[in-house]
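K.L.:
Pasting data23.cif here (mmCIF, C-alpha atoms):
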data_start
#
loop_
_atom_site.label_atom_id
_atom_site.label_comp_id
_atom_site.auth_asym_id
_atom_site.auth_seq_id
_atom_site.Cartn_x
_atom_site.Cartn_y
_atom_site.Cartn_z
CA MET P 1490 12.92 1.81 33.22
CA VAL P 1491 12.73 -0.25 30.04
CA ALA P 1492 8.95 -0.06 30.14
CA MET P 1493 9.09 3.73 30.36
CA ILE P 1494 11.43 4.00 27.37
CA LEU P 1495 9.13 1.72 25.38
CA ASP P 1496 6.12 3.82 26.39
CA ILE P 1497 7.75 7.08 25.33
CA GLY P 1498 8.95 5.56 22.08
CA SER P 1499 5.51 4.26 21.26
CA TRP P 1500 3.92 7.63 22.08
CA ILE P 1501 6.31 9.39 19.75
CA LEU P 1502 5.62 6.85 16.99
CA LEU P 1503 1.84 7.12 17.47
CA LEU P 1504 1.94 10.92 17.39
CA THR P 1505 4.16 11.05 14.28
CA GLY P 1506 1.90 8.48 12.61
CA SER P 1507 -1.17 10.54 13.43
CA PHE P 1508 0.53 13.61 12.03
CA PHE P 1509 1.30 11.85 8.74
CA CYS P 1510 -2.27 10.54 8.54
CA LEU P 1511 -3.65 14.04 9.11
CA THR P 1512 -1.29 15.44 6.46
CA GLY P 1513 -2.48 12.80 4.01
CA GLY P 1514 -6.12 13.56 4.75
CA LEU P 1515 -5.46 17.24 4.26
CA GLY P 1516 -3.70 16.52 0.97
CA LEU P 1517 -6.68 14.48 -0.14
CA LEU P 1518 -8.74 17.66 0.13
CA ARG P 1519 -6.13 20.18 -1.01
CA PHE P 1520 -4.53 18.71 -4.10
CA PRO P 1521 -6.00 19.85 -7.42
CA ASP P 1522 -6.73 16.67 -9.36
CA PHE P 1523 -7.29 12.95 -8.97
CA PHE P 1524 -3.78 11.78 -9.84
CA THR P 1525 -2.14 14.11 -7.34
CA ARG P 1526 -4.59 12.98 -4.66
CA ILE P 1527 -3.31 9.40 -5.05
CA HIS P 1528 0.03 10.62 -3.71
CA ALA P 1529 -1.66 12.07 -0.64
CA ALA P 1530 -3.57 8.83 -0.07
CA SER P 1531 -0.41 6.74 -0.36
CA LEU P 1532 1.16 9.04 2.23
CA THR P 1533 -1.33 7.86 4.85
CA ASP P 1534 -1.17 4.28 3.62
CA THR P 1535 2.58 3.85 3.92
CA LEU P 1536 4.29 5.84 6.66
CA GLY P 1537 1.18 6.87 8.59
CA ALA P 1538 -0.13 3.33 8.97
CA SER P 1539 3.35 1.85 9.56
CA LEU P 1540 4.24 4.29 12.34
CA ILE P 1541 0.94 3.80 14.16
CA LEU P 1542 1.18 0.00 13.92
CA ILE P 1543 4.82 -0.06 15.02
CA GLY P 1544 3.85 2.22 17.90
CA LEU P 1545 1.21 -0.30 18.91
CA MET P 1546 3.72 -3.14 18.55
CA LEU P 1547 5.81 -1.59 21.35
CA GLN P 1548 2.81 -1.86 23.70
CA VAL P 1549 1.92 -5.52 23.24
CA ASP P 1550 1.97 -8.05 26.07
CA SER P 1551 1.91 -11.27 24.02
CA TRP P 1552 3.82 -12.27 20.92
CA LEU P 1553 0.59 -13.39 19.23
CA THR P 1554 -0.70 -9.81 19.21
CA PHE P 1555 2.66 -8.66 17.89
CA VAL P 1556 2.51 -11.07 14.96
CA LYS P 1557 -1.07 -10.08 14.17
CA LEU P 1558 -0.10 -6.40 14.04
CA MET P 1559 2.79 -7.42 11.78
CA LEU P 1560 0.35 -9.21 9.47
CA ILE P 1561 -1.89 -6.13 9.29
CA LEU P 1562 1.16 -3.99 8.49
CA LEU P 1563 2.43 -6.28 5.72
CA PHE P 1564 -1.01 -6.69 4.22
CA SER P 1565 -1.82 -2.99 4.28
CA LEU P 1566 1.47 -2.18 2.53
CA LEU P 1567 0.88 -4.80 -0.17
CA ALA P 1568 -2.81 -4.09 -0.67
CA GLY P 1569 -2.32 -0.33 -0.52
CA THR P 1570 0.06 -0.27 -3.47
CA THR P 1571 -2.02 -2.69 -5.50
CA ALA P 1572 -5.21 -0.72 -4.86
CA SER P 1573 -3.51 2.60 -5.72
CA HIS P 1574 -2.22 1.19 -8.98
CA ALA P 1575 -5.59 -0.41 -9.82
CA ILE P 1576 -7.51 2.83 -9.20
CA ALA P 1577 -5.01 4.93 -11.17
CA ARG P 1578 -5.04 2.50 -14.09
CA ALA P 1579 -8.83 2.27 -14.14
CA ALA P 1580 -9.06 6.07 -14.13
CA LEU P 1581 -6.58 6.27 -17.00
CA LYS P 1582 -8.44 3.64 -19.02
CA SER P 1583 -11.75 5.42 -18.49
CA GLY P 1584 -10.36 8.53 -20.16
CA LEU P 1585 -9.33 10.65 -17.17
CA ARG P 1586 -6.12 12.55 -17.95
CA PRO P 1587 -3.60 13.83 -15.39
CA LEU P 1588 -3.69 17.56 -14.81
CA THR P 1589 -0.73 19.11 -16.52
CA ALA P 1590 -2.80 21.83 -18.17
CA ALA P 1591 -3.86 25.26 -16.83
CA LYS P 1592 -1.23 27.21 -14.94
CA LEU P 1593 0.90 24.17 -14.35
CA ALA P 1594 1.29 23.70 -18.11
CA GLN P 1595 2.13 27.36 -18.61
CA GLN P 1596 5.15 26.94 -16.40
CA ARG P 1597 6.24 23.89 -18.27
CA GLY P 1598 5.40 24.84 -21.86
CA GLU P 1599 4.07 21.42 -22.72
CA SER P 1600 3.33 18.19 -20.89
CA SER P 1601 6.32 15.87 -21.03
CA SER P 1602 4.56 12.89 -22.58
CA LYS P 1603 1.03 11.75 -23.18
CA PRO P 1604 -0.06 8.32 -21.93
CA SER P 1605 -1.62 6.20 -24.66
CA MET Z 1371 8.23 -29.96 -4.62
CA ARG Z 1372 10.19 -27.18 -2.92
CA HIS Z 1373 7.38 -24.77 -3.67
CA ILE Z 1374 4.68 -27.06 -2.27
CA LEU Z 1375 6.71 -27.49 0.90
CA ALA Z 1376 7.21 -23.73 1.22
CA LEU Z 1377 3.51 -23.06 0.69
CA SER Z 1378 2.48 -25.65 3.31
CA THR Z 1379 4.90 -24.18 5.85
CA MET Z 1380 3.61 -20.65 5.21
CA LEU Z 1381 -0.03 -21.70 5.54
CA SER Z 1382 0.61 -23.69 8.73
CA ALA Z 1383 2.45 -20.75 10.29
CA PHE Z 1384 -0.42 -18.46 9.29
CA TRP Z 1385 -2.95 -20.77 10.90
CA LEU Z 1386 -0.94 -21.17 14.12
CA VAL Z 1387 -0.49 -17.42 14.49
CA ASN Z 1388 -4.13 -16.62 13.87
CA SER Z 1389 -5.56 -19.39 16.02
CA GLY Z 1390 -3.47 -19.25 19.18
CA HIS Z 1391 -4.88 -22.59 20.40
CA TYR Z 1392 -2.75 -25.72 20.21
CA LYS Z 1393 -5.12 -28.57 21.14
CA PRO Z 1394 -4.78 -31.81 19.13
CA LEU Z 1395 -8.22 -31.39 17.56
CA LEU Z 1396 -7.42 -27.90 16.27
CA LEU Z 1397 -4.03 -29.05 15.00
CA PHE Z 1398 -5.83 -31.81 13.12
CA PHE Z 1399 -8.11 -29.19 11.54
CA MET Z 1400 -5.01 -27.24 10.59
CA VAL Z 1401 -3.50 -30.20 8.75
CA VAL Z 1402 -6.77 -30.89 6.93
CA SER Z 1403 -7.28 -27.31 5.79
CA VAL Z 1404 -3.65 -26.86 4.75
CA LEU Z 1405 -3.84 -30.05 2.69
CA LEU Z 1406 -7.09 -28.86 1.12
CA VAL Z 1407 -5.68 -25.45 0.17
CA VAL Z 1408 -2.41 -26.88 -1.16
CA GLY Z 1409 -4.39 -29.44 -3.17
CA LEU Z 1410 -6.58 -26.69 -4.64
CA CYS Z 1411 -3.55 -24.55 -5.50
CA HIS Z 1412 -1.87 -27.55 -7.12
CA ALA Z 1413 -5.00 -28.24 -9.16
CA LEU Z 1414 -5.07 -24.59 -10.25
CA ASP Z 1415 -1.40 -24.92 -11.21
CA VAL Z 1416 -0.37 -21.76 -9.36
CA VAL Z 1417 2.30 -23.32 -7.13
CA ASP Z 1418 5.48 -22.32 -8.94
CA GLY Z 1419 8.41 -19.95 -8.77
CA GLU Z 1420 6.16 -16.98 -9.48
CA SER Z 1421 3.85 -17.37 -6.48
CA GLN Z 1422 6.64 -18.72 -4.25
CA PRO Z 1423 9.77 -16.81 -5.33
CA LEU Z 1424 12.21 -18.85 -3.24
CA ASN Z 1425 15.21 -17.72 -5.27
CA LEU Z 1426 14.74 -14.17 -3.91
CA THR Z 1427 14.91 -15.24 -0.25
CA PHE Z 1428 18.46 -14.07 0.38
CA THR Z 1429 18.68 -11.11 -1.96
CA ILE Z 1430 15.47 -9.27 -1.11
CA PRO Z 1431 15.94 -8.26 2.59
CA ALA Z 1432 18.73 -5.82 1.71
CA TYR Z 1433 16.49 -4.30 -0.96
CA TRP Z 1434 13.65 -3.97 1.55
CA LEU Z 1435 15.88 -2.00 3.91
CA TRP Z 1436 16.85 0.38 1.11
CA LEU Z 1437 13.20 0.66 0.01
CA ILE Z 1438 12.01 1.51 3.53
CA TRP Z 1439 14.60 4.28 3.68
CA GLN Z 1440 13.41 5.64 0.30
CA VAL Z 1441 9.78 5.51 1.47
CA VAL Z 1442 10.61 7.50 4.61
CA ILE Z 1443 12.50 10.17 2.65
CA SER Z 1444 9.80 10.63 0.03
CA ASN Z 1445 7.06 10.61 2.68
CA ILE Z 1446 8.67 13.58 4.39
CA ASP Z 1447 9.05 15.35 1.06
CA VAL Z 1448 5.40 14.82 0.06
CA ALA Z 1449 4.17 15.83 3.54
CA ARG Z 1450 6.12 19.08 3.18
CA ARG Z 1451 4.49 19.73 -0.21
CA VAL Z 1452 1.02 19.18 1.27
CA TRP Z 1453 1.59 21.85 3.90
CA MET Z 1454 3.25 24.24 1.42
CA GLY Z 1455 0.24 24.09 -0.86
CA VAL Z 1456 -0.58 23.60 -4.51
CA ASP Z 1457 2.08 26.01 -5.79
CA SER Z 1458 4.88 23.69 -4.71
CA ILE Z 1459 3.87 20.70 -6.85
CA SER Z 1460 4.43 20.14 -10.56
CA PRO Z 1461 2.68 16.92 -11.60
CA GLN Z 1462 3.93 15.18 -14.72
CA VAL Z 1463 3.85 11.86 -16.50
CA ILE Z 1464 7.13 10.17 -17.42
CA MET Z 1465 8.01 6.86 -19.04
CA VAL Z 1466 10.61 4.60 -17.49
CA THR Z 1467 12.02 1.38 -18.91
CA ALA Z 1468 12.22 -1.69 -16.69
CA ASP Z 1469 15.36 -3.72 -17.40
CA GLN Z 1470 14.33 -6.77 -15.39
CA LYS Z 1471 14.34 -10.10 -17.21
CA SER Z 1472 11.31 -11.75 -15.59
CA ASP Z 1473 7.73 -10.56 -15.18
CA LEU Z 1474 8.17 -10.88 -11.42
CA GLY Z 1475 11.07 -8.42 -11.48
CA ILE Z 1476 9.03 -5.88 -13.44
CA VAL Z 1477 6.16 -6.25 -10.97
CA ILE Z 1478 8.53 -5.70 -8.03
CA TYR Z 1479 9.88 -2.58 -9.74
CA ALA Z 1480 6.42 -1.16 -10.57
CA ASN Z 1481 5.12 -1.89 -7.07
CA SER Z 1482 8.17 -0.24 -5.50
CA ILE Z 1483 7.48 2.86 -7.60
CA THR Z 1484 3.90 2.94 -6.36
CA LEU Z 1485 4.90 2.29 -2.74
CA THR Z 1486 7.11 5.37 -2.74
CA PRO Z 1487 4.86 8.43 -2.28
CA GLY Z 1488 5.42 11.02 -4.98
CA THR Z 1489 5.48 8.46 -7.77
CA VAL Z 1490 2.66 6.15 -8.89
CA SER Z 1491 2.91 3.70 -11.78
CA ILE Z 1492 -0.28 4.19 -13.76
CA ASP Z 1493 0.23 1.92 -16.75
CA LEU Z 1494 2.42 -0.98 -17.79
CA GLU Z 1495 2.97 -2.16 -21.35
CA GLY Z 1496 5.74 -4.64 -22.03
CA ASN Z 1497 8.62 -3.16 -20.09
CA GLN Z 1498 7.51 0.47 -20.42
CA ILE Z 1499 6.04 1.85 -17.19
CA SER Z 1500 4.11 5.15 -17.24
CA VAL Z 1501 4.71 6.94 -13.97
CA HIS Z 1502 2.80 9.89 -12.57
CA ALA Z 1503 5.22 11.97 -10.53
CA LEU Z 1504 4.12 14.64 -8.08
CA THR Z 1505 7.15 16.89 -8.48
CA GLU Z 1506 10.03 17.39 -10.85
CA GLN Z 1507 12.35 16.24 -8.08
CA SER Z 1508 10.65 12.87 -7.64
CA ALA Z 1509 10.60 12.33 -11.41
CA ALA Z 1510 14.31 13.15 -11.63
CA ASP Z 1511 15.09 10.78 -8.74
CA LEU Z 1512 13.33 7.97 -10.55
CA LEU Z 1513 15.01 8.73 -13.87
CA THR Z 1514 18.45 8.25 -12.35
CA GLY Z 1515 17.52 4.54 -12.48
CA GLU Z 1516 18.95 3.57 -9.11
CA MET Z 1517 15.81 1.67 -8.11
CA ASN Z 1518 15.85 -0.12 -11.47
CA ARG Z 1519 19.45 -1.27 -10.93
CA ARG Z 1520 18.73 -2.45 -7.41
CA VAL Z 1521 15.73 -4.53 -8.49
CA CYS Z 1522 17.89 -6.05 -11.24
CA ARG Z 1523 20.41 -7.01 -8.58
CA VAL Z 1524 17.68 -8.60 -6.44
CA GLU Z 1525 16.53 -10.69 -9.35
CA ARG Z 1526 19.90 -12.28 -9.92
CA MET K 161 -2.32 8.67 24.02
CA PHE K 162 -4.42 6.03 22.27
CA ALA K 163 -7.36 8.40 22.60
CA ALA K 164 -5.44 11.17 20.82
CA THR K 165 -4.45 8.79 18.02
CA SER K 166 -8.00 7.55 17.53
CA LEU K 167 -9.22 11.15 17.50
CA ALA K 168 -6.70 11.98 14.75
CA LEU K 169 -7.81 8.90 12.80
CA LEU K 170 -11.45 9.95 13.12
CA VAL K 171 -10.58 13.40 11.77
CA VAL K 172 -8.78 11.79 8.82
CA MET K 173 -11.81 9.60 8.18
CA GLY K 174 -13.96 12.73 8.20
CA LEU K 175 -11.68 14.37 5.64
CA ALA K 176 -11.82 11.26 3.46
CA LEU K 177 -15.63 11.25 3.72
CA ALA K 178 -15.73 14.89 2.67
CA ARG K 179 -13.71 13.98 -0.41
CA ALA K 180 -15.93 10.95 -1.05
CA PHE K 181 -19.08 13.12 -1.03
CA GLY K 182 -17.59 16.07 -2.87
CA GLY K 183 -15.15 14.33 -5.23
CA PRO K 184 -15.72 15.54 -8.76
CA THR K 185 -14.98 12.20 -10.43
CA LEU K 186 -15.97 8.64 -9.67
CA TYR K 187 -12.35 7.66 -9.05
CA ASP K 188 -11.87 10.37 -6.44
CA ARG K 189 -14.72 8.79 -4.54
CA ILE K 190 -13.29 5.28 -4.85
CA LEU K 191 -9.88 6.51 -3.68
CA ALA K 192 -11.46 8.27 -0.70
CA VAL K 193 -13.49 5.20 0.25
CA ASN K 194 -10.35 3.04 0.03
CA ASN K 195 -8.54 5.50 2.29
CA PHE K 196 -11.51 5.47 4.67
CA GLY K 197 -11.31 1.67 4.81
CA THR K 198 -7.59 1.51 5.60
CA LYS K 199 -8.08 4.11 8.34
CA THR K 200 -10.90 2.00 9.78
CA VAL K 201 -8.48 -0.92 10.10
CA LEU K 202 -6.06 1.31 12.01
CA LEU K 203 -8.89 2.66 14.16
CA ILE K 204 -10.02 -0.85 15.13
CA ALA K 205 -6.43 -1.71 16.10
CA VAL K 206 -5.97 1.46 18.18
CA MET K 207 -9.39 1.17 19.86
CA ASP K 208 -8.41 -2.35 20.82
CA PHE K 209 -5.47 -1.05 22.83
CA LEU K 210 -7.62 1.76 24.21
CA GLY K 211 -9.82 -0.91 25.78
CA GLY K 212 -6.74 -2.42 27.44
CA ARG K 213 -7.01 -5.97 26.16
CA PRO K 214 -6.43 -6.56 22.44
CA ALA K 215 -9.17 -8.92 21.25
CA PHE K 216 -10.44 -7.50 17.99
CA LEU K 217 -7.25 -7.65 15.91
CA ASP K 218 -8.69 -10.56 13.92
CA ILE K 219 -11.55 -8.30 12.92
CA ALA K 220 -9.02 -5.70 11.78
CA ILE K 221 -7.29 -8.31 9.58
CA VAL K 222 -10.59 -9.45 8.09
CA TYR K 223 -11.63 -5.83 7.52
CA ALA K 224 -8.38 -5.15 5.68
CA LEU K 225 -8.96 -8.16 3.43
CA ILE K 226 -12.60 -7.26 2.73
CA ASN K 227 -11.73 -3.64 2.04
CA PHE K 228 -9.16 -4.63 -0.57
CA ILE K 229 -11.46 -7.13 -2.28
CA ALA K 230 -14.33 -4.62 -2.25
CA ILE K 231 -12.24 -1.90 -3.91
CA ILE K 232 -11.05 -4.29 -6.63
CA GLY K 233 -14.62 -5.51 -7.11
CA VAL K 234 -16.03 -1.99 -7.44
CA LEU K 235 -13.27 -1.07 -9.90
CA ARG K 236 -14.04 -4.14 -12.01
CA PHE K 237 -17.72 -3.28 -12.00
CA PHE K 238 -17.17 0.27 -13.20
CA GLU K 239 -14.50 -0.80 -15.65
CA TYR K 240 -17.01 -2.97 -17.48
CA SER K 241 -19.95 -0.62 -17.17
CA THR K 242 -18.12 2.51 -18.38
CA ARG K 243 -15.95 1.02 -21.11
CA LYS K 244 -18.73 1.27 -23.67
CA ASP K 245 -19.19 5.01 -23.11
CA VAL K 246 -15.48 5.64 -23.42
CA GLU K 247 -15.24 3.76 -26.70
CA GLU K 248 -18.07 5.81 -28.10
CA ASP K 249 -16.22 9.05 -27.39
#
Kindly return the structure encoded in the file as structure tokens.
P.N.:
Amino acid sequence: MVAMILDIGSWILLLTGSFFCLTGGLGLLRFPDFFTRIHAASLTDTLGASLILIGLMLQVDSWLTFVKLMLILLFSLLAGTTASHAIARAALKSGLRPLTAAKLAQQRGESSSKPS
Amino acid sequence: MRHILALSTMLSAFWLVNSGHYKPLLLFFMVVSVLLVVGLCHALDVVDGESQPLNLTFTIPAYWLWLIWQVVISNIDVARRVWMGVDSISPQVIMVTADQKSDLGIVIYANSITLTPGTVSIDLEGNQISVHALTEQSAADLLTGEMNRRVCRVER
Amino acid sequence: MFAATSLALLVVMGLALARAFGGPTLYDRILAVNNFGTKTVLLIAVMDFLGGRPAFLDIAIVYALINFIAIIGVLRFFEYSTRKDVEED
């Protein structure tokens, strides 16, 4: 009985995680410029990865495996944010500017503030 | 001293979890390698309150819970925007001020901003963080300063 | 169920590869490769369970570490090699 509930819970988590990963991958292709694509990538890195790993955690048979999955989860959260920030900062320093122009700027009038 | 002890405990736990074997010989190797790494870190002078923030031990779990909740909410929002298409987003760059007293607090704040989908910190100068926000809503949420206040409370 | 998850992950990796090949800027490509790497870690973990006996989780941990270091290394490399051009602009 308990095993069945765990199984169903882990299936739901795995499916939701896959859905978020797919959404992130789609956003990576759909969004118009580099800085918006970071948001799509962080979508798969945070909730997508967490849900899949937690789903796997419900299926483990030894606590060692559980702790290893936990380590992967913690590390991917930490490294994901650091890598996102590093890529965004490097892009900014190399002269790439966020897209606020074109039709998006027409709606707004002007971009709110320019990064130095 | 506290920090060296904390680092040794962390490293030993990491070794035990990753090895899974508890024979005397392997435990001996564990002690040797932990001593080596702690010695190296001590020589590099990186064992201090910044790499081992022990004073945050009791205040940070509550913040983590709140942060996880924020991450879930903003994930759902961003996922909706992906499916709705390009017309639903309005990217913009805003500046926020970090009120934390220590560098560590500012780093926690900036990393929390990046961890939440919809907002990415792209530059940091002094205590001014440039944030790229995906939508007006996510920018407005950040500008209310709730996350800033909560990180300040963690730091204390 | 693990098969469905790994299939979804493979599709995501395909999408990331498409962005890596087609990305207009260098940083799009780096972002896509980073995303590809984190999905590989997940794929290794899921495939492990698909096989029935988790044995490769250590490899997933090591892959996550190497992926992170590699991205930072590549960023450093391009930071130093492109800075000159930017200053000339």
K.L.:
Run the PyMOL selection byres ((chain K) within 9 of (chain P)) on the file and write out the hits as a PyMOL selection string.
P.N.:
chain K and resi 161-162+164-166+168-169+171-176+178-179+183-188+190-192+194-195+198-199+201-202+205-206+209+214-215+217-218+220-221+224-225+228+231-232+235-236+238-239+242-243+245-246
K.L.:
Quick one: apply the PyMOL selection byres ((chain Z) within 12 of (chain K)) to the file and drop the selected residues here as a list in words.
P.N.:
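Selected by the PyMOL selection byres ((chain Z) within 12 of (chain K)) here: Val1387, Asn1388, Ser1389 and Gly1390 of chain Z.
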K.L.:
Please compute the CA of Ala1468 (chain Z)-CA of Asn1497 (chain Z) distance, one decimal, in Å.
P.N.:
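CA of Asn1497 (chain Z) lies 5.2 Å from CA of Ala1468 (chain Z).
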K.L.:
So how far away is CA of Ile1459 (chain Z) from CA of Thr1484 (chain Z), in Å?
P.N.:
17.8 Å
K.L.:
If we count all atoms listed in the file and set the cut-off at 10 Å, which residues sit around region 1501-1516 of chain Z, ignoring sequence neighbours fewer than 4 positions away in its own chain? Please answer as a ChimeraX atom specification.
P.N.:
/P:1524-1529,1577,1587,1604 /Z:1444,1447-1448,1451,1458-1469,1480,1483-1484,1486-1494,1520-1522
K.L.:
Write the selection just made, keeping C-alpha atoms, as a PDB file, keeping the file's coordinate frame?
P.N.:
ATOM      1  CA  PHE P1524      -3.780  11.780  -9.840  1.00  0.00           C
ATOM      2  CA  THR P1525      -2.140  14.110  -7.340  1.00  0.00           C
ATOM      3  CA  ARG P1526      -4.590  12.980  -4.660  1.00  0.00           C
ATOM      4  CA  ILE P1527      -3.310   9.400  -5.050  1.00  0.00           C
ATOM      5  CA  HIS P1528       0.030  10.620  -3.710  1.00  0.00           C
ATOM      6  CA  ALA P1529      -1.660  12.070  -0.640  1.00  0.00           C
ATOM      7  CA  ALA P1577      -5.010   4.930 -11.170  1.00  0.00           C
ATOM      8  CA  PRO P1587      -3.600  13.830 -15.390  1.00  0.00           C
ATOM      9  CA  PRO P1604      -0.060   8.320 -21.930  1.00  0.00           C
TER      10      PRO P1604
ATOM     11  CA  SER Z1444       9.800  10.630   0.030  1.00  0.00           C
ATOM     12  CA  ASP Z1447       9.050  15.350   1.060  1.00  0.00           C
ATOM     13  CA  VAL Z1448       5.400  14.820   0.060  1.00  0.00           C
ATOM     14  CA  ARG Z1451       4.490  19.730  -0.210  1.00  0.00           C
ATOM     15  CA  SER Z1458       4.880  23.690  -4.710  1.00  0.00           C
ATOM     16  CA  ILE Z1459       3.870  20.700  -6.850  1.00  0.00           C
ATOM     17  CA  SER Z1460       4.430  20.140 -10.560  1.00  0.00           C
ATOM     18  CA  PRO Z1461       2.680  16.920 -11.600  1.00  0.00           C
ATOM     19  CA  GLN Z1462       3.930  15.180 -14.720  1.00  0.00           C
ATOM     20  CA  VAL Z1463       3.850  11.860 -16.500  1.00  0.00           C
ATOM     21  CA  ILE Z1464       7.130  10.170 -17.420  1.00  0.00           C
ATOM     22  CA  MET Z1465       8.010   6.860 -19.040  1.00  0.00           C
ATOM     23  CA  VAL Z1466      10.610   4.600 -17.490  1.00  0.00           C
ATOM     24  CA  THR Z1467      12.020   1.380 -18.910  1.00  0.00           C
ATOM     25  CA  ALA Z1468      12.220  -1.690 -16.690  1.00  0.00           C
ATOM     26  CA  ASP Z1469      15.360  -3.720 -17.400  1.00  0.00           C
ATOM     27  CA  ALA Z1480       6.420  -1.160 -10.570  1.00  0.00           C
ATOM     28  CA  ILE Z1483       7.480   2.860  -7.600  1.00  0.00           C
ATOM     29  CA  THR Z1484       3.900   2.940  -6.360  1.00  0.00           C
ATOM     30  CA  THR Z1486       7.110   5.370  -2.740  1.00  0.00           C
ATOM     31  CA  PRO Z1487       4.860   8.430  -2.280  1.00  0.00           C
ATOM     32  CA  GLY Z1488       5.420  11.020  -4.980  1.00  0.00           C
ATOM     33  CA  THR Z1489       5.480   8.460  -7.770  1.00  0.00           C
ATOM     34  CA  VAL Z1490       2.660   6.150  -8.890  1.00  0.00           C
ATOM     35  CA  SER Z1491       2.910   3.700 -11.780  1.00  0.00           C
ATOM     36  CA  ILE Z1492      -0.280   4.190 -13.760  1.00  0.00           C
ATOM     37  CA  ASP Z1493       0.230   1.920 -16.750  1.00  0.00           C
ATOM     38  CA  LEU Z1494       2.420  -0.980 -17.790  1.00  0.00           C
ATOM     39  CA  ARG Z1520      18.730  -2.450  -7.410  1.00  0.00           C
ATOM     40  CA  VAL Z1521      15.730  -4.530  -8.490  1.00  0.00           C
ATOM     41  CA  CYS Z1522      17.890  -6.050 -11.240  1.00  0.00           C
TER      42      CYS Z1522
END
K.L.:
Between P:Leu1532, P:Arg1586, P:Met1559, P:Ile1543, which has the minimum distance to chain Z (counting only C-alpha atoms)?
P.N.:
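Closest to chain Z, using only C-alpha atoms: P:Leu1532.
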K.L.:
Between Z:Arg1372, Z:His1412, Z:Lys1471, Z:His1391, which one has atoms that come closest to chain P, using all atoms listed in the file?
P.N.:
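Among the listed residues, Z:His1391 lies closest to chain P.
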K.L.:
Kindly give the distance, in Å, that separates CA of Phe216 (chain K) and CA of Leu1547 (chain P), rounded to a single decimal.
P.N.:
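Answer for the CA of Phe216 (chain K) to CA of Leu1547 (chain P) separation: 17.6 Å.
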K.L.:
Which of these, P:Leu1536, P:Ala1492, P:Ile1497, P:Leu1563, has the shortest distance to chain Z once you count only C-alpha atoms?
P.N.:
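The closest residue to chain Z is P:Leu1536.
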K.L.:
I'd like the contact shell of Gln1470 (chain Z) - 10 Å cut-off, only C-alpha atoms, skipping same-chain residues fewer than 5 positions apart - returned as a PyMOL selection string.
P.N.:
chain Z and resi 1475-1479+1497+1518-1519+1521-1526
K.L.:
Of the candidates Z:Tyr1433, Z:Ala1413, Z:Leu1386, Z:Leu1395, which one gets nearest to chain P if we count all atoms listed in the file?
P.N.:
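Between Z:Tyr1433, Z:Ala1413, Z:Leu1386, Z:Leu1395, the residue approaching chain P most closely is Z:Leu1386.
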K.L.:
May I ask which of the residues Z:Gly1409, Z:Ala1383, Z:Leu1426, Z:Ala1432 is the closest one to chain P, counting only C-alpha atoms?
P.N.:
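Ranked by minimum distance to chain P, first place goes to Z:Ala1383.
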K.L.:
Could N, CA, C and O atoms be built for region 183-191 of chain K and written out as a CSV table (one decimal), in the coordinates of the input?
P.N.:
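The resulting file, rebuild-v3.csv, is reproduced below:
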chain,number,residue,atom,x,y,z
K,183,GLY,N,-16.1,14.6,-4.1
K,183,GLY,CA,-15.2,14.3,-5.2
K,183,GLY,C,-15.8,14.5,-6.6
K,183,GLY,O,-16.8,14.0,-6.9
K,184,PRO,N,-15.1,15.3,-7.5
K,184,PRO,CA,-15.7,15.5,-8.8
K,184,PRO,C,-15.9,14.3,-9.6
K,184,PRO,O,-16.8,14.1,-10.3
K,185,THR,N,-14.9,13.4,-9.6
K,185,THR,CA,-15.0,12.2,-10.4
K,185,THR,C,-15.3,11.0,-9.6
K,185,THR,O,-15.1,10.9,-8.4
K,186,LEU,N,-15.7,9.9,-10.3
K,186,LEU,CA,-16.0,8.6,-9.7
K,186,LEU,C,-14.7,8.1,-9.0
K,186,LEU,O,-14.8,7.6,-7.9
K,187,TYR,N,-13.6,8.3,-9.6
K,187,TYR,CA,-12.4,7.7,-9.0
K,187,TYR,C,-11.9,8.4,-7.8
K,187,TYR,O,-11.3,7.8,-6.9
K,188,ASP,N,-12.2,9.7,-7.7
K,188,ASP,CA,-11.9,10.4,-6.4
K,188,ASP,C,-12.6,9.7,-5.3
K,188,ASP,O,-12.1,9.5,-4.2
K,189,ARG,N,-13.9,9.4,-5.6
K,189,ARG,CA,-14.7,8.8,-4.5
K,189,ARG,C,-14.2,7.4,-4.1
K,189,ARG,O,-14.1,7.1,-3.0
K,190,ILE,N,-13.8,6.6,-5.2
K,190,ILE,CA,-13.3,5.3,-4.8
K,190,ILE,C,-12.0,5.4,-4.0
K,190,ILE,O,-11.8,4.7,-3.0
K,191,LEU,N,-11.1,6.3,-4.4
K,191,LEU,CA,-9.9,6.5,-3.7
K,191,LEU,C,-10.2,6.9,-2.2
K,191,LEU,O,-9.6,6.4,-1.3
